[in-house]
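One file, model_16.txt, carrying compact mmCIF, C-alpha atoms and all ligand atoms:
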# COMPACT_ATOMS: atom_id res chain seq x y z
CA MET H 1 0.00 0.00 0.00
CA LYS H 2 1.19 3.48 -0.86
CA HIS H 3 0.97 6.21 1.80
CA PHE H 4 0.78 9.81 0.70
CA ALA H 5 2.24 11.65 3.64
CA VAL H 6 2.20 15.09 2.03
CA PRO H 7 2.33 17.64 4.86
CA GLY H 8 -1.07 19.22 5.38
CA ALA H 9 -2.82 17.20 2.66
CA LEU H 10 -6.54 17.04 3.35
CA THR H 11 -9.40 15.02 1.94
CA ALA H 12 -13.08 15.35 2.74
CA SER H 13 -13.68 13.70 6.05
CA PRO H 14 -15.83 10.58 5.55
CA VAL H 15 -18.40 9.57 8.13
CA GLN H 16 -16.64 7.33 10.62
CA ASP H 17 -17.56 3.70 9.99
CA PRO H 18 -16.88 1.64 13.17
CA GLN H 19 -16.74 -1.59 11.16
CA ALA H 20 -14.19 -0.17 8.78
CA THR H 21 -12.10 1.03 11.72
CA ARG H 22 -12.21 -2.42 13.23
CA LYS H 23 -11.23 -3.94 9.87
CA GLU H 24 -8.27 -1.58 9.64
CA ASP H 25 -7.12 -2.60 13.10
CA GLU H 26 -7.19 -6.20 11.95
CA ASP H 27 -5.81 -5.81 8.38
CA GLY H 28 -3.28 -3.07 8.93
CA MET H 29 -3.77 0.55 7.94
CA THR H 30 -5.56 1.59 4.73
CA GLU H 31 -4.79 4.89 2.99
CA GLN H 32 -8.00 6.41 4.39
CA GLY H 33 -7.13 5.13 7.82
CA PHE H 34 -3.70 6.65 7.61
CA LYS H 35 -5.13 10.06 6.85
CA ARG H 36 -7.68 9.74 9.68
CA PHE H 37 -4.87 8.78 11.98
CA ARG H 38 -2.85 11.85 11.02
CA ARG H 39 -5.87 14.10 11.56
CA ARG H 40 -6.55 12.65 15.00
CA ARG H 41 -2.94 12.93 16.06
CA ALA H 42 -2.34 16.49 14.91
CA PRO H 43 -5.62 18.27 14.17
CA ALA H 44 -4.01 21.71 13.79
CA ALA H 45 -1.35 20.48 11.39
CA ALA H 46 -3.99 18.68 9.33
CA MET H 47 -5.87 21.93 8.59
CA PRO H 48 -4.75 23.24 5.23
CA SER H 49 -3.02 26.57 5.23
CA ALA H 50 -4.57 29.26 3.06
CA SER H 51 -1.95 28.78 0.37
CA GLU H 52 -2.53 25.06 0.30
CA ALA H 53 -6.27 25.54 0.10
CA ASP H 54 -5.74 27.95 -2.76
CA ARG H 55 -3.70 25.34 -4.57
CA GLU H 56 -6.44 22.79 -4.13
CA ARG H 57 -9.28 25.18 -5.08
CA PRO H 58 -7.73 27.92 -7.17
CA LEU H 59 -11.09 29.49 -8.01
CA ALA H 60 -12.51 29.56 -4.48
CA ALA H 61 -12.57 32.83 -2.54
CA SER H 62 -10.06 32.86 0.24
CA ALA H 63 -9.99 35.06 3.32
CA SER H 64 -6.24 35.13 3.61
CA PRO H 65 -4.68 38.60 3.90
CA ALA H 66 -2.54 37.93 0.84
CA SER H 67 -5.50 37.21 -1.42
CA ALA H 68 -7.42 40.19 0.02
CA GLN H 69 -4.82 42.39 -1.69
CA LEU H 70 -5.51 40.93 -5.11
CA PRO H 71 -7.42 43.28 -7.45
CA ALA H 72 -11.14 42.96 -6.71
CA THR H 73 -13.64 42.51 -9.54
CA LEU H 74 -15.37 45.75 -10.61
CA PRO H 75 -18.81 46.33 -9.06
CA GLU H 76 -21.62 45.72 -11.50
CA PRO H 77 -22.88 48.69 -13.59
CA TRP H 78 -25.88 49.38 -11.33
CA ASP H 79 -23.62 49.80 -8.30
CA ARG H 80 -21.37 52.14 -10.25
CA ILE H 81 -24.20 54.63 -10.83
CA ARG H 82 -23.45 57.52 -8.49
CA GLN H 83 -25.62 57.73 -5.40
CA VAL H 84 -26.95 61.19 -4.53
CA PRO H 85 -28.57 62.44 -1.33
CA PHE H 86 -32.34 62.41 -1.51
CA ASP H 87 -34.71 63.43 1.23
CA GLY H 88 -38.18 62.45 0.15
CA GLY H 89 -39.77 64.24 3.11
CA ALA H 90 -38.14 67.65 2.61
CA LYS H 91 -40.32 70.27 1.00
CA GLU H 92 -37.92 73.08 0.21
CA GLN H 93 -36.56 73.46 -3.37
CA ARG H 94 -39.10 71.02 -4.58
CA ARG H 95 -42.01 71.78 -6.85
CA LEU H 96 -44.00 68.56 -6.80
CA PRO H 97 -45.59 66.93 -3.77
CA LEU H 98 -43.87 63.55 -3.35
CA VAL H 99 -46.82 61.82 -1.78
CA SER H 100 -45.18 58.45 -2.28
CA CYS H 101 -42.80 59.28 0.56
CA PHE H 102 -45.67 59.40 3.06
CA ARG H 103 -46.87 55.84 3.13
CA THR H 104 -50.18 56.41 4.91
CA ALA H 105 -51.41 59.34 2.78
CA PRO H 106 -54.41 58.37 0.58
CA ALA H 107 -52.54 59.54 -2.55
CA ALA H 108 -49.56 57.34 -1.62
CA LYS H 109 -51.89 54.36 -1.30
CA SER H 110 -53.28 55.13 -4.75
CA PHE H 111 -49.75 55.02 -6.20
CA ASP H 112 -49.06 51.72 -4.43
CA LEU H 113 -52.26 50.30 -5.93
CA LEU H 114 -51.28 51.58 -9.36
CA ARG H 115 -47.80 50.07 -8.91
CA THR H 116 -49.22 46.66 -8.01
CA ARG H 117 -51.61 46.59 -10.96
CA LEU H 118 -48.91 47.79 -13.32
CA LEU H 119 -46.45 45.16 -12.11
CA HIS H 120 -49.06 42.41 -12.58
CA THR H 121 -49.61 43.49 -16.18
CA LEU H 122 -45.91 43.88 -16.96
CA LYS H 123 -45.01 40.56 -15.38
CA ALA H 124 -47.77 38.70 -17.20
CA ARG H 125 -46.45 39.99 -20.54
CA GLY H 126 -42.73 40.07 -19.80
CA TRP H 127 -42.63 43.85 -20.30
CA LYS H 128 -40.43 46.45 -18.58
CA ARG H 129 -40.59 49.79 -20.40
CA VAL H 130 -43.45 52.15 -19.69
CA ALA H 131 -44.04 55.61 -21.12
CA VAL H 132 -45.91 58.06 -18.90
CA ALA H 133 -47.65 60.76 -20.93
CA ALA H 134 -50.69 63.04 -20.89
CA PRO H 135 -52.80 64.63 -23.63
CA SER H 136 -51.78 68.16 -22.63
CA SER H 137 -49.33 70.03 -20.44
CA GLY H 138 -49.82 70.27 -16.69
CA CYS H 139 -51.97 67.14 -16.28
CA GLY H 140 -49.50 65.69 -13.76
CA THR H 141 -47.26 63.47 -15.90
CA THR H 142 -44.12 64.25 -13.91
CA PHE H 143 -46.04 64.14 -10.63
CA SER H 144 -47.34 60.65 -11.51
CA ALA H 145 -44.08 59.32 -12.96
CA VAL H 146 -41.98 60.38 -9.94
CA ASN H 147 -44.44 59.10 -7.35
CA LEU H 148 -44.96 55.83 -9.22
CA ALA H 149 -41.18 55.36 -9.50
CA LEU H 150 -40.77 55.93 -5.75
CA SER H 151 -43.50 53.39 -5.09
CA LEU H 152 -41.90 50.85 -7.47
CA ALA H 153 -38.51 51.39 -5.84
CA ARG H 154 -39.93 50.21 -2.52
CA VAL H 155 -40.52 46.70 -3.87
CA PRO H 156 -37.82 44.69 -2.09
CA GLY H 157 -34.98 43.48 -4.29
CA SER H 158 -36.24 45.41 -7.32
CA ARG H 159 -34.55 47.98 -9.56
CA THR H 160 -36.42 50.87 -11.10
CA VAL H 161 -35.21 53.41 -13.64
CA LEU H 162 -36.94 56.76 -14.19
CA MET H 163 -35.88 58.72 -17.28
CA ASP H 164 -36.89 62.31 -17.92
CA MET H 165 -37.50 62.20 -21.68
CA ASN H 166 -39.42 65.48 -21.71
CA PHE H 167 -36.81 67.61 -23.43
CA ARG H 168 -39.38 70.38 -23.93
CA ARG H 169 -39.85 70.96 -20.22
CA PRO H 170 -37.68 68.68 -18.04
CA GLY H 171 -39.18 68.36 -14.59
CA VAL H 172 -37.95 65.26 -12.73
CA ALA H 173 -34.74 66.79 -11.31
CA GLN H 174 -36.62 69.73 -9.87
CA ALA H 175 -39.46 67.50 -8.66
CA MET H 176 -37.04 65.36 -6.68
CA GLY H 177 -34.84 68.24 -5.55
CA ILE H 178 -31.72 66.80 -7.20
CA PRO H 179 -29.28 69.43 -8.49
CA ILE H 180 -27.58 68.47 -11.78
CA GLN H 181 -24.85 69.96 -13.92
CA ALA H 182 -25.15 67.96 -17.13
CA GLY H 183 -28.07 66.21 -18.76
CA MET H 184 -28.38 62.89 -20.51
CA GLY H 185 -27.25 64.11 -23.92
CA ALA H 186 -23.94 62.21 -23.83
CA PHE H 187 -25.68 59.02 -22.78
CA LEU H 188 -28.42 59.19 -25.42
CA SER H 189 -25.92 60.01 -28.16
CA GLY H 190 -23.93 56.93 -27.17
CA SER H 191 -20.78 58.79 -26.14
CA ALA H 192 -21.01 58.02 -22.40
CA PRO H 193 -22.14 54.93 -20.50
CA MET H 194 -25.19 54.97 -18.27
CA GLU H 195 -23.15 54.80 -15.06
CA ASP H 196 -21.58 58.18 -15.92
CA CYS H 197 -24.89 59.92 -16.67
CA LEU H 198 -27.53 58.46 -14.37
CA LEU H 199 -27.86 59.09 -10.63
CA ARG H 200 -29.19 56.97 -7.79
CA PRO H 201 -31.29 58.87 -5.24
CA LEU H 202 -32.20 55.52 -3.65
CA PRO H 203 -30.30 52.23 -3.78
CA SER H 204 -33.11 50.71 -5.86
CA LEU H 205 -33.88 53.76 -8.03
CA ALA H 206 -31.76 55.23 -10.85
CA VAL H 207 -32.81 58.45 -12.57
CA GLY H 208 -31.82 60.05 -15.86
CA LEU H 209 -32.26 63.82 -15.57
CA ASN H 210 -32.12 66.88 -17.75
CA SER H 211 -31.51 70.43 -16.70
CA ALA H 212 -32.51 72.46 -19.73
CA ALA H 213 -34.97 72.28 -22.60
CA ASP H 214 -33.78 71.09 -26.00
CA GLN H 215 -35.53 72.16 -29.15
CA ASP H 216 -34.39 68.99 -30.96
CA ALA H 217 -36.50 66.93 -28.59
CA ALA H 218 -38.25 64.81 -31.21
CA GLU H 219 -35.03 64.24 -33.15
CA ILE H 220 -33.25 63.01 -30.00
CA LEU H 221 -36.06 60.57 -29.30
CA HIS H 222 -36.12 59.44 -32.93
CA SER H 223 -32.37 58.84 -33.14
CA ARG H 224 -30.86 55.40 -33.54
CA SER H 225 -28.32 56.16 -30.81
CA CYS H 226 -31.14 56.86 -28.34
CA GLY H 227 -32.69 53.44 -29.02
CA ALA H 228 -29.31 51.71 -28.71
CA ALA H 229 -28.49 53.57 -25.48
CA LEU H 230 -31.79 52.53 -23.91
CA ASP H 231 -31.32 48.90 -24.99
CA ASP H 232 -27.90 49.00 -23.35
CA LEU H 233 -29.38 50.60 -20.24
CA MET H 234 -31.99 47.88 -19.84
CA LEU H 235 -29.46 45.14 -20.41
CA ARG H 236 -26.66 46.37 -18.19
CA SER H 237 -28.67 47.92 -15.36
CA GLY H 238 -30.73 44.78 -14.75
CA ALA H 239 -33.73 47.10 -14.20
CA ASP H 240 -37.09 45.43 -13.55
CA THR H 241 -39.09 48.47 -14.62
CA ALA H 242 -38.25 51.63 -16.56
CA LEU H 243 -40.54 54.66 -16.58
CA PHE H 244 -40.17 57.40 -19.20
CA ASP H 245 -41.62 60.84 -18.48
CA LEU H 246 -42.71 62.19 -21.89
CA PRO H 247 -44.05 65.49 -23.27
CA PRO H 248 -47.79 65.96 -23.92
CA VAL H 249 -49.06 63.59 -26.62
CA LEU H 250 -51.27 66.10 -28.43
CA GLU H 251 -48.85 69.04 -28.34
CA HIS H 252 -45.67 67.53 -29.85
CA ASP H 253 -44.66 64.51 -31.90
CA ASP H 254 -41.99 63.53 -29.34
CA THR H 255 -44.09 60.81 -27.74
CA ALA H 256 -45.03 59.37 -31.12
CA ALA H 257 -41.33 59.28 -32.01
CA PHE H 258 -40.53 57.46 -28.80
CA LEU H 259 -43.22 54.75 -28.94
CA PRO H 260 -40.97 52.10 -30.58
CA GLN H 261 -38.82 52.19 -27.44
CA VAL H 262 -41.57 51.24 -24.98
CA ASP H 263 -43.79 48.27 -24.27
CA GLY H 264 -46.78 50.29 -23.16
CA VAL H 265 -48.14 53.70 -22.23
CA LEU H 266 -49.74 54.98 -19.06
CA LEU H 267 -51.96 57.90 -19.97
CA ILE H 268 -52.39 60.59 -17.33
CA SER H 269 -55.74 62.30 -17.37
CA ASP H 270 -56.36 65.46 -15.34
CA GLY H 271 -59.64 64.95 -13.50
CA THR H 272 -60.22 68.70 -13.56
CA GLY H 273 -59.41 69.42 -17.20
CA THR H 274 -58.85 66.51 -19.59
CA THR H 275 -61.76 65.86 -21.94
CA ALA H 276 -63.05 62.58 -23.38
CA ALA H 277 -62.20 63.87 -26.86
CA GLN H 278 -58.55 64.37 -25.83
CA LEU H 279 -58.33 60.85 -24.44
CA ALA H 280 -59.88 59.45 -27.62
CA ALA H 281 -57.34 61.38 -29.72
CA CYS H 282 -54.50 59.92 -27.66
CA GLU H 283 -55.86 56.39 -28.01
CA LYS H 284 -56.07 56.90 -31.76
CA MET H 285 -52.48 58.10 -31.90
CA LEU H 286 -51.27 55.08 -29.89
CA ALA H 287 -53.30 52.49 -31.80
CA GLY H 288 -51.06 50.09 -33.67
CA HIS H 289 -47.90 51.59 -32.16
CA ALA H 290 -47.98 50.88 -28.44
CA GLN H 291 -50.22 49.20 -25.92
CA LEU H 292 -52.31 51.49 -23.72
CA LEU H 293 -51.68 50.05 -20.25
CA GLY H 294 -54.24 52.26 -18.54
CA VAL H 295 -55.58 55.73 -17.95
CA VAL H 296 -54.66 57.26 -14.59
CA LEU H 297 -57.14 59.76 -13.24
CA ASN H 298 -55.05 62.46 -11.57
CA ARG H 299 -56.60 65.17 -9.40
CA ALA H 300 -59.58 62.88 -8.97
CA ARG H 301 -62.42 63.82 -6.67
CA LYS H 302 -62.46 61.75 -3.46
CA SER H 303 -65.53 59.81 -4.63
CA GLU H 304 -63.66 58.79 -7.83
CA SER H 305 -60.74 57.16 -5.99
CA PRO H 306 -60.68 53.34 -6.04
CA LEU H 307 -59.70 53.43 -2.38
CA HIS H 308 -62.87 55.19 -1.21
N1 LIG E 401 -52.60 65.15 -7.80
C1 LIG E 401 -51.98 66.30 -7.62
N2 LIG E 401 -52.06 66.89 -6.42
C2 LIG E 401 -51.44 68.06 -6.19
N3 LIG E 401 -50.73 68.73 -7.11
C3 LIG E 401 -50.61 68.20 -8.32
C4 LIG E 401 -51.23 66.95 -8.64
N4 LIG E 401 -50.94 66.67 -9.93
C5 LIG E 401 -50.19 67.68 -10.38
N5 LIG E 401 -49.99 68.59 -9.43
C6 LIG E 401 -49.26 69.85 -9.56
O1 LIG E 401 -49.54 70.39 -10.85
C7 LIG E 401 -48.39 70.96 -11.44
C8 LIG E 401 -48.13 70.31 -12.82
O2 LIG E 401 -47.79 68.95 -12.59
P1 LIG E 401 -46.68 68.22 -13.48
O3 LIG E 401 -45.46 69.01 -13.52
O4 LIG E 401 -46.61 66.84 -12.98
O5 LIG E 401 -47.39 68.27 -14.89
P2 LIG E 401 -46.84 67.71 -16.25
O6 LIG E 401 -47.98 66.99 -16.90
O7 LIG E 401 -45.60 66.99 -16.05
O8 LIG E 401 -46.58 69.04 -17.06
P3 LIG E 401 -45.62 69.20 -18.34
O9 LIG E 401 -46.33 68.57 -19.47
O10 LIG E 401 -45.52 70.68 -18.52
O11 LIG E 401 -44.35 68.58 -18.03
C9 LIG E 401 -47.27 70.75 -10.46
O12 LIG E 401 -47.06 71.92 -9.73
C10 LIG E 401 -47.76 69.65 -9.56
O13 LIG E 401 -47.26 69.78 -8.24
MG MG E 402 -43.64 67.21 -16.72
Turn this file's structure into structure tokens for me.
Ligand SMILES: Nc1ncnc2c1ncn2[C@@H]1O[C@H](COP(=O)(O)OP(=O)(O)OP(=O)(O)O)[C@@H](O)[C@H]1O
Ligand SMILES: [Mg+2]
Amino acid sequence: MKHFAVPGALTASPVQDPQATRKEDEDGMTEQGFKRFRRRRAPAAAMPSASEADRERPLAASASPASAQLPATLPEPWDRIRQVPFDGGAKEQRRLPLVSCFRTAPAAKSFDLLRTRLLHTLKARGWKRVAVAAPSSGCGTTFSAVNLALSLARVPGSRTVLMDMNFRRPGVAQAMGIPIQAGMGAFLSGSAPMEDCLLRPLPSLAVGLNSAADQDAAEILHSRSCGAALDDLMLRSGADTALFDLPPVLEHDDTAAFLPQVDGVLLISDGTGTTAAQLAACEKMLAGHAQLLGVVLNRARKSESPLH
């Protein structure tokens, strides 16, 4: 019999078989028995040193100080998006009421209900990209998109992206009270990666913001580089849901230009101003281009809320 008495060599410890032990005592020592004997005699010496363990399992992580100095792998793209301070409860600087930060407020509950219904629909169809748009300006598109994004970001283990694609009148940065220097131009033109242009106000929420209006709004949304940048964003961010805040459907052709990039549209209707004719015109514009996921009644009277 050959004995491998390599210092520190270790094999997986088999369950002790009393019969086998007896047999060894009678027949002389087997290779297994020899190793067991060595372990029993010198338990500390039998433990592999870190370097020996590394030799045996070169791919396994090791906690030795030497290996801790090896270059670490880069964090994934989502974690490289810069985190920015965000106080959802603060009111100063901010234009929009972020009801979604006050969990018990009736409006916050409405956004949670909308989130749940939206997630059911998206999950059932394997969709992720949702445009948020209204027939006309001031209906509450940004208000709805931001509050819905905050509600989505509370789903444990999820990732939500909110992109301000309203280049006519960007509003998300101001709504969330996030100061920005540069917009998303470099990202949408394909000259900068998402992790250099997006920000993370919450660990589970990334936002793409713009600071100033751009008269080439429709052209940006039409461009091939914009489509490619958003494909890359969805792939590399691992986002579960992406919301796109868009300009009014009936005032500009920006939303129409952007429809190929989304799976569906949430239409925001102002309970105090939007007419049935405007909603019908929007539906007509969307028909054949994008799925209408639902019409959200903003500024609804209390009696119109599904929670009352
Ligand atoms: N449900 C609401 N309750 C209280 N205030 C609201 C509500 N919806 C909208 N507002 C207010 O109305 C104003 C316009 O809202 P918002 O900016 O969301 O409109 P918008 O549709 O994004 O407009 P635009 O098309 O110009 O971007 C904001 O000051 C916002 O705070
Ligand atoms: Mg807006």
Neighbouring residues of ligand LIG 401 (chain E) are defined here as those with any atom at most 6 Å from a ligand atom, counting all atoms listed in the file; list them as an mmCIF file with C-alpha atoms, in the frame of the given file.
data_model
loop_
_atom_site.group_PDB
_atom_site.id
_atom_site.type_symbol
_atom_site.label_atom_id
_atom_site.label_comp_id
_atom_site.auth_asym_id
_atom_site.auth_seq_id
_atom_site.Cartn_x
_atom_site.Cartn_y
_atom_site.Cartn_z
ATOM 1 C CA ARG H 95 -42.010 71.780 -6.850
ATOM 2 C CA LEU H 96 -44.000 68.560 -6.800
ATOM 3 C CA PRO H 97 -45.590 66.930 -3.770
ATOM 4 C CA SER H 137 -49.330 70.030 -20.440
ATOM 5 C CA GLY H 138 -49.820 70.270 -16.690
ATOM 6 C CA CYS H 139 -51.970 67.140 -16.280
ATOM 7 C CA GLY H 140 -49.500 65.690 -13.760
ATOM 8 C CA THR H 141 -47.260 63.470 -15.900
ATOM 9 C CA THR H 142 -44.120 64.250 -13.910
ATOM 10 C CA PHE H 143 -46.040 64.140 -10.630
ATOM 11 C CA ARG H 169 -39.850 70.960 -20.220
ATOM 12 C CA PRO H 247 -44.050 65.490 -23.270
ATOM 13 C CA PRO H 248 -47.790 65.960 -23.920
ATOM 14 C CA ASN H 298 -55.050 62.460 -11.570
ATOM 15 C CA ARG H 299 -56.600 65.170 -9.400
#
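Between ligand MG 402 (chain E) and the residues H:Leu198, H:Ile178, H:Leu118, H:Ala213, the shortest atom-to-atom distance, using all atoms listed in the file, involves H:Ala213.
Remark: for ligand MG 402 (chain E), the closest of the candidate residues H:Ala229, H:Ala105, H:Leu152, H:Leu209 is H:Leu209 (distances computed over all atoms listed in the file).
Checking H:Ile180, H:Leu250, H:Leu202, H:Leu267 one by one against Arg154 in chain H, counting all atoms listed in the file, you find the shortest gap at H:Leu202.
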Quiz prompt | Who sits within 12 Å of range 183-187 of chain H, all atoms listed in the file, same chain under 5 positions skipped, as an MDAnalysis selection string | solution = chainID H and resid 163:167 170 172:173 192:199 207:214 216:217 220:221 223 225:233
Exercise. For CA of Arg129 in chain H and CA of Pro106 in chain H, determine how far apart the two atoms are, in Å to one decimal place.
Key: 26.5 Å
